[in-house]
Amino acid sequence: MNVDAILQHKGRSVATLSPSASVADAVALLRKKGIGALVVSSDGVAPEGMLSERDVVRGLAQEGARLLERRVEEVMTKAVVTCGLADRLADLMALMTERRIRHLPVMHGGKLVGLVSIGDVVKNRLDEIESEAHSLKTYIAGAA
(Lines give C-alpha, C1' and ligand atoms only; values in the text may rest on other atoms or scores of the structure.)
Protein backbone atom coordinates (compact mmCIF):
# COMPACT_ATOMS: atom_id res chain seq x y z
CA MET A 1 0.00 0.00 0.00
CA ASN A 2 1.15 3.55 -0.67
CA VAL A 3 0.43 7.11 0.46
CA ASP A 4 -2.11 7.72 -2.30
CA ALA A 5 -4.24 4.84 -0.99
CA ILE A 6 -4.26 6.38 2.49
CA LEU A 7 -5.30 9.78 1.14
CA GLN A 8 -8.05 8.23 -0.97
CA HIS A 9 -9.54 6.86 2.25
CA LYS A 10 -8.91 9.74 4.69
CA GLY A 11 -9.07 12.70 2.32
CA ARG A 12 -6.59 15.34 1.24
CA SER A 13 -7.54 18.16 3.56
CA VAL A 14 -4.54 19.78 5.27
CA ALA A 15 -4.69 22.35 8.05
CA THR A 16 -2.21 25.12 7.31
CA LEU A 17 -1.27 28.28 9.11
CA SER A 18 0.74 31.35 8.17
CA PRO A 19 4.24 31.65 9.64
CA SER A 20 3.27 35.09 10.96
CA ALA A 21 0.33 33.76 13.01
CA SER A 22 0.70 33.68 16.77
CA VAL A 23 1.33 30.45 18.63
CA ALA A 24 -1.95 31.14 20.47
CA ASP A 25 -3.75 31.08 17.10
CA ALA A 26 -1.98 27.82 16.22
CA VAL A 27 -2.97 26.19 19.52
CA ALA A 28 -6.58 27.27 19.00
CA LEU A 29 -6.56 25.75 15.49
CA LEU A 30 -5.01 22.49 16.73
CA ARG A 31 -7.75 22.24 19.36
CA LYS A 32 -10.58 23.22 16.99
CA LYS A 33 -9.56 20.64 14.39
CA GLY A 34 -8.58 17.97 16.93
CA ILE A 35 -5.20 17.43 15.30
CA GLY A 36 -1.59 17.18 16.46
CA ALA A 37 0.26 19.23 13.84
CA LEU A 38 -0.11 22.03 11.35
CA VAL A 39 1.71 22.64 8.10
CA VAL A 40 3.12 26.15 8.19
CA SER A 41 2.73 27.79 4.79
CA SER A 42 2.28 31.31 3.51
CA ASP A 43 0.39 30.16 0.43
CA GLY A 44 -1.10 26.78 1.44
CA VAL A 45 0.93 25.15 -1.34
CA ALA A 46 4.57 25.06 -0.21
CA PRO A 47 5.40 23.92 3.33
CA GLU A 48 7.77 26.26 5.15
CA GLY A 49 7.67 24.38 8.44
CA MET A 50 5.67 22.17 10.77
CA LEU A 51 4.21 23.10 14.12
CA SER A 52 3.33 20.14 16.32
CA GLU A 53 2.06 19.71 19.84
CA ARG A 54 5.60 18.67 20.69
CA ASP A 55 6.94 22.05 19.50
CA VAL A 56 4.38 23.85 21.65
CA VAL A 57 5.15 21.77 24.75
CA ARG A 58 8.90 22.37 24.35
CA GLY A 59 8.29 26.09 24.01
CA LEU A 60 6.00 26.21 27.03
CA ALA A 61 8.62 24.40 29.11
CA GLN A 62 11.23 26.99 28.11
CA GLU A 63 9.19 30.19 28.05
CA GLY A 64 5.92 29.60 29.82
CA ALA A 65 2.83 31.50 28.73
CA ARG A 66 4.95 34.09 26.84
CA LEU A 67 5.27 31.48 24.11
CA LEU A 68 1.65 32.07 23.08
CA GLU A 69 2.51 35.61 21.96
CA ARG A 70 5.36 34.53 19.68
CA ARG A 71 5.01 33.98 15.95
CA VAL A 72 4.71 30.44 14.63
CA GLU A 73 7.84 30.85 12.49
CA GLU A 74 9.89 31.35 15.67
CA VAL A 75 8.77 28.04 17.14
CA MET A 76 8.08 25.75 14.18
CA THR A 77 10.29 22.94 12.99
CA LYS A 78 11.89 24.40 9.87
CA ALA A 79 13.36 21.22 8.36
CA VAL A 80 10.23 19.76 6.77
CA VAL A 81 10.42 16.09 5.82
CA THR A 82 7.88 15.23 3.12
CA CYS A 83 6.72 12.20 1.19
CA GLY A 84 5.10 11.54 -2.18
CA LEU A 85 1.94 9.79 -3.31
CA ALA A 86 3.81 6.69 -4.50
CA ASP A 87 5.80 6.18 -1.27
CA ARG A 88 5.17 2.83 0.41
CA LEU A 89 3.91 2.52 3.99
CA ALA A 90 6.90 0.42 5.04
CA ASP A 91 9.20 3.22 3.89
CA LEU A 92 7.15 5.82 5.78
CA MET A 93 7.26 3.77 8.98
CA ALA A 94 11.04 3.54 8.72
CA LEU A 95 11.39 7.26 7.95
CA MET A 96 9.09 8.33 10.78
CA THR A 97 10.88 6.07 13.25
CA GLU A 98 14.35 7.15 12.14
CA ARG A 99 13.55 10.87 12.17
CA ARG A 100 11.25 10.66 15.22
CA ILE A 101 8.43 12.48 13.45
CA ARG A 102 4.72 11.81 13.46
CA HIS A 103 3.44 13.83 10.51
CA LEU A 104 4.53 13.98 6.87
CA PRO A 105 3.22 16.52 4.37
CA VAL A 106 2.49 14.82 1.06
CA MET A 107 3.82 16.58 -2.03
CA HIS A 108 2.90 16.05 -5.68
CA GLY A 109 4.09 18.24 -8.54
CA GLY A 110 5.67 20.64 -6.06
CA LYS A 111 2.37 21.20 -4.24
CA LEU A 112 1.02 20.14 -0.87
CA VAL A 113 -1.70 17.54 -1.51
CA GLY A 114 -2.19 15.89 1.89
CA LEU A 115 -0.81 14.98 5.28
CA VAL A 116 -0.10 11.52 6.64
CA SER A 117 0.29 10.81 10.35
CA ILE A 118 1.86 7.86 12.11
CA GLY A 119 -1.68 6.92 13.16
CA ASP A 120 -2.74 6.73 9.50
CA VAL A 121 0.24 4.54 8.67
CA VAL A 122 -0.28 2.17 11.62
CA LYS A 123 -4.03 1.88 10.99
CA ASN A 124 -3.50 1.01 7.34
CA ARG A 125 -0.77 -1.49 8.17
CA LEU A 126 -3.04 -3.19 10.73
CA ASP A 127 -5.82 -3.32 8.12
CA GLU A 128 -3.38 -4.99 5.70
CA ILE A 129 -2.35 -7.58 8.30
CA GLU A 130 -5.98 -8.31 9.17
CA SER A 131 -6.83 -8.79 5.49
CA GLU A 132 -3.85 -11.11 4.99
CA ALA A 133 -4.84 -13.16 8.05
CA HIS A 134 -8.41 -13.45 6.78
CA SER A 135 -7.20 -14.58 3.35
CA LEU A 136 -4.93 -17.22 4.92
CA LYS A 137 -7.76 -18.53 7.12
CA THR A 138 -10.06 -18.73 4.11
CA TYR A 139 -7.37 -20.53 2.10
CA ILE A 140 -6.67 -23.02 4.91
CA ALA A 141 -10.38 -23.68 5.46
CA GLY A 142 -10.86 -24.28 1.73
CA ALA A 143 -7.87 -26.66 1.56
CA ALA A 144 -9.08 -28.78 4.46
# chains A, B, ... in the order shown; residues from 1 in each chain; ligands from 1

$ closest_atom_pairs --of "region 94-126 of chain A" --to "region 32-38 of chain A" --cutoff "12 Å" --atoms "only C-alpha atoms" --output "tab-separated table"
residue	atom	partner	partner_atom	distance
A:Ile101	CA	A:Ala37	CA	10.6
A:Arg102	CA	A:Ala37	CA	8.7
A:His103	CA	A:Ala37	CA	7.1
A:Leu104	CA	A:Ala37	CA	9.7
A:Pro105	CA	A:Leu38	CA	9.5
A:Gly114	CA	A:Leu38	CA	11.5
A:Leu115	CA	A:Leu38	CA	9.3
A:Val116	CA	A:Ala37	CA	10.6
A:Ser117	CA	A:Gly36	CA	9.0
A:Ile118	CA	A:Gly36	CA	10.8
A:Gly119	CA	A:Gly36	CA	10.8

$ select_by_dssp --residues "region 19-109 of chain A" --states "strand (DSSP E or B)" --output "PDB file with N, CA and C atoms, in the first residue's frame"
ATOM      1  N   SER A  22       0.195  33.864  15.404  1.00  0.00           N
ATOM      2  CA  SER A  22       0.698  33.677  16.767  1.00  0.00           C
ATOM      3  C   SER A  22       0.594  32.200  17.163  1.00  0.00           C
ATOM      4  N   ALA A  37      -0.763  18.456  14.545  1.00  0.00           N
ATOM      5  CA  ALA A  37       0.259  19.227  13.843  1.00  0.00           C
ATOM      6  C   ALA A  37      -0.380  20.058  12.735  1.00  0.00           C
ATOM      7  N   LEU A  38       0.303  21.152  12.434  1.00  0.00           N
ATOM      8  CA  LEU A  38      -0.107  22.034  11.348  1.00  0.00           C
ATOM      9  C   LEU A  38       1.048  22.196  10.374  1.00  0.00           C
ATOM     10  N   VAL A  39       0.714  22.286   9.096  1.00  0.00           N
ATOM     11  CA  VAL A  39       1.714  22.641   8.102  1.00  0.00           C
ATOM     12  C   VAL A  39       1.763  24.164   8.071  1.00  0.00           C
ATOM     13  N   VAL A  40       2.948  24.700   8.223  1.00  0.00           N
ATOM     14  CA  VAL A  40       3.125  26.155   8.190  1.00  0.00           C
ATOM     15  C   VAL A  40       3.435  26.532   6.743  1.00  0.00           C
ATOM     16  N   GLY A  49       7.364  24.953   7.138  1.00  0.00           N
ATOM     17  CA  GLY A  49       7.674  24.381   8.441  1.00  0.00           C
ATOM     18  C   GLY A  49       6.508  23.541   8.923  1.00  0.00           C
ATOM     19  N   MET A  50       6.716  22.944  10.099  1.00  0.00           N
ATOM     20  CA  MET A  50       5.668  22.173  10.766  1.00  0.00           C
ATOM     21  C   MET A  50       5.597  22.667  12.202  1.00  0.00           C
ATOM     22  N   LEU A  51       4.399  22.780  12.707  1.00  0.00           N
ATOM     23  CA  LEU A  51       4.212  23.095  14.120  1.00  0.00           C
ATOM     24  C   LEU A  51       3.396  21.973  14.728  1.00  0.00           C
ATOM     25  N   SER A  52       4.006  21.269  15.677  1.00  0.00           N
ATOM     26  CA  SER A  52       3.329  20.144  16.322  1.00  0.00           C
ATOM     27  C   SER A  52       3.092  20.439  17.792  1.00  0.00           C
ATOM     28  N   ARG A  71       5.466  34.374  17.295  1.00  0.00           N
ATOM     29  CA  ARG A  71       5.013  33.983  15.951  1.00  0.00           C
ATOM     30  C   ARG A  71       5.349  32.515  15.716  1.00  0.00           C
ATOM     31  N   THR A  77       9.189  23.748  13.492  1.00  0.00           N
ATOM     32  CA  THR A  77      10.293  22.939  12.987  1.00  0.00           C
ATOM     33  C   THR A  77      10.480  23.346  11.530  1.00  0.00           C
ATOM     34  N   CYS A  83       6.791  13.451   1.938  1.00  0.00           N
ATOM     35  CA  CYS A  83       6.721  12.202   1.192  1.00  0.00           C
ATOM     36  C   CYS A  83       5.908  12.453  -0.068  1.00  0.00           C
ATOM     37  N   GLY A  84       5.851  11.440  -0.932  1.00  0.00           N
ATOM     38  CA  GLY A  84       5.105  11.542  -2.180  1.00  0.00           C
ATOM     39  C   GLY A  84       3.981  10.527  -2.221  1.00  0.00           C
ATOM     40  N   ARG A  88       5.767   4.003  -0.245  1.00  0.00           N
ATOM     41  CA  ARG A  88       5.173   2.831   0.410  1.00  0.00           C
ATOM     42  C   ARG A  88       5.103   3.024   1.920  1.00  0.00           C
ATOM     43  N   HIS A 103       4.264  13.283  11.589  1.00  0.00           N
ATOM     44  CA  HIS A 103       3.443  13.834  10.509  1.00  0.00           C
ATOM     45  C   HIS A 103       4.309  14.133   9.295  1.00  0.00           C
ATOM     46  N   LEU A 104       3.818  13.737   8.118  1.00  0.00           N
ATOM     47  CA  LEU A 104       4.532  13.984   6.866  1.00  0.00           C
ATOM     48  C   LEU A 104       3.611  14.684   5.868  1.00  0.00           C
ATOM     49  N   PRO A 105       3.952  15.901   5.471  1.00  0.00           N
ATOM     50  CA  PRO A 105       3.219  16.521   4.372  1.00  0.00           C
ATOM     51  C   PRO A 105       3.453  15.704   3.093  1.00  0.00           C
ATOM     52  N   VAL A 106       2.411  15.569   2.307  1.00  0.00           N
ATOM     53  CA  VAL A 106       2.493  14.817   1.056  1.00  0.00           C
ATOM     54  C   VAL A 106       2.568  15.821  -0.084  1.00  0.00           C
ATOM     55  N   MET A 107       3.594  15.666  -0.918  1.00  0.00           N
ATOM     56  CA  MET A 107       3.820  16.578  -2.031  1.00  0.00           C
ATOM     57  C   MET A 107       3.604  15.847  -3.359  1.00  0.00           C
ATOM     58  N   HIS A 108       3.055  16.582  -4.324  1.00  0.00           N
ATOM     59  CA  HIS A 108       2.897  16.054  -5.679  1.00  0.00           C
ATOM     60  C   HIS A 108       2.990  17.238  -6.637  1.00  0.00           C
TER      61      HIS A 108
END

$ atom_distance --atom1 "CA of Ala5 (chain A)" --atom2 "CA of Leu85 (chain A)"
8.3 Å

$ select_by_dssp --residues "region 1-143 of chain A" --states "helix (DSSP H, G or I)" --output "PyMOL selection string"
chain A and resi 3-10+23-33+53-69+72-75+89-99+118-143

$ closest_residue --among "A:Glu98, A:Ser135, A:Leu112, A:Leu126" --to "Arg12 (chain A)" --atoms "only C-alpha atoms"
A:Leu112

$ closest_residue --among "A:Ala90, A:Ala141, A:Val56, A:Val45" --to "Val14 (chain A)" --atoms "only C-alpha atoms"
A:Val45
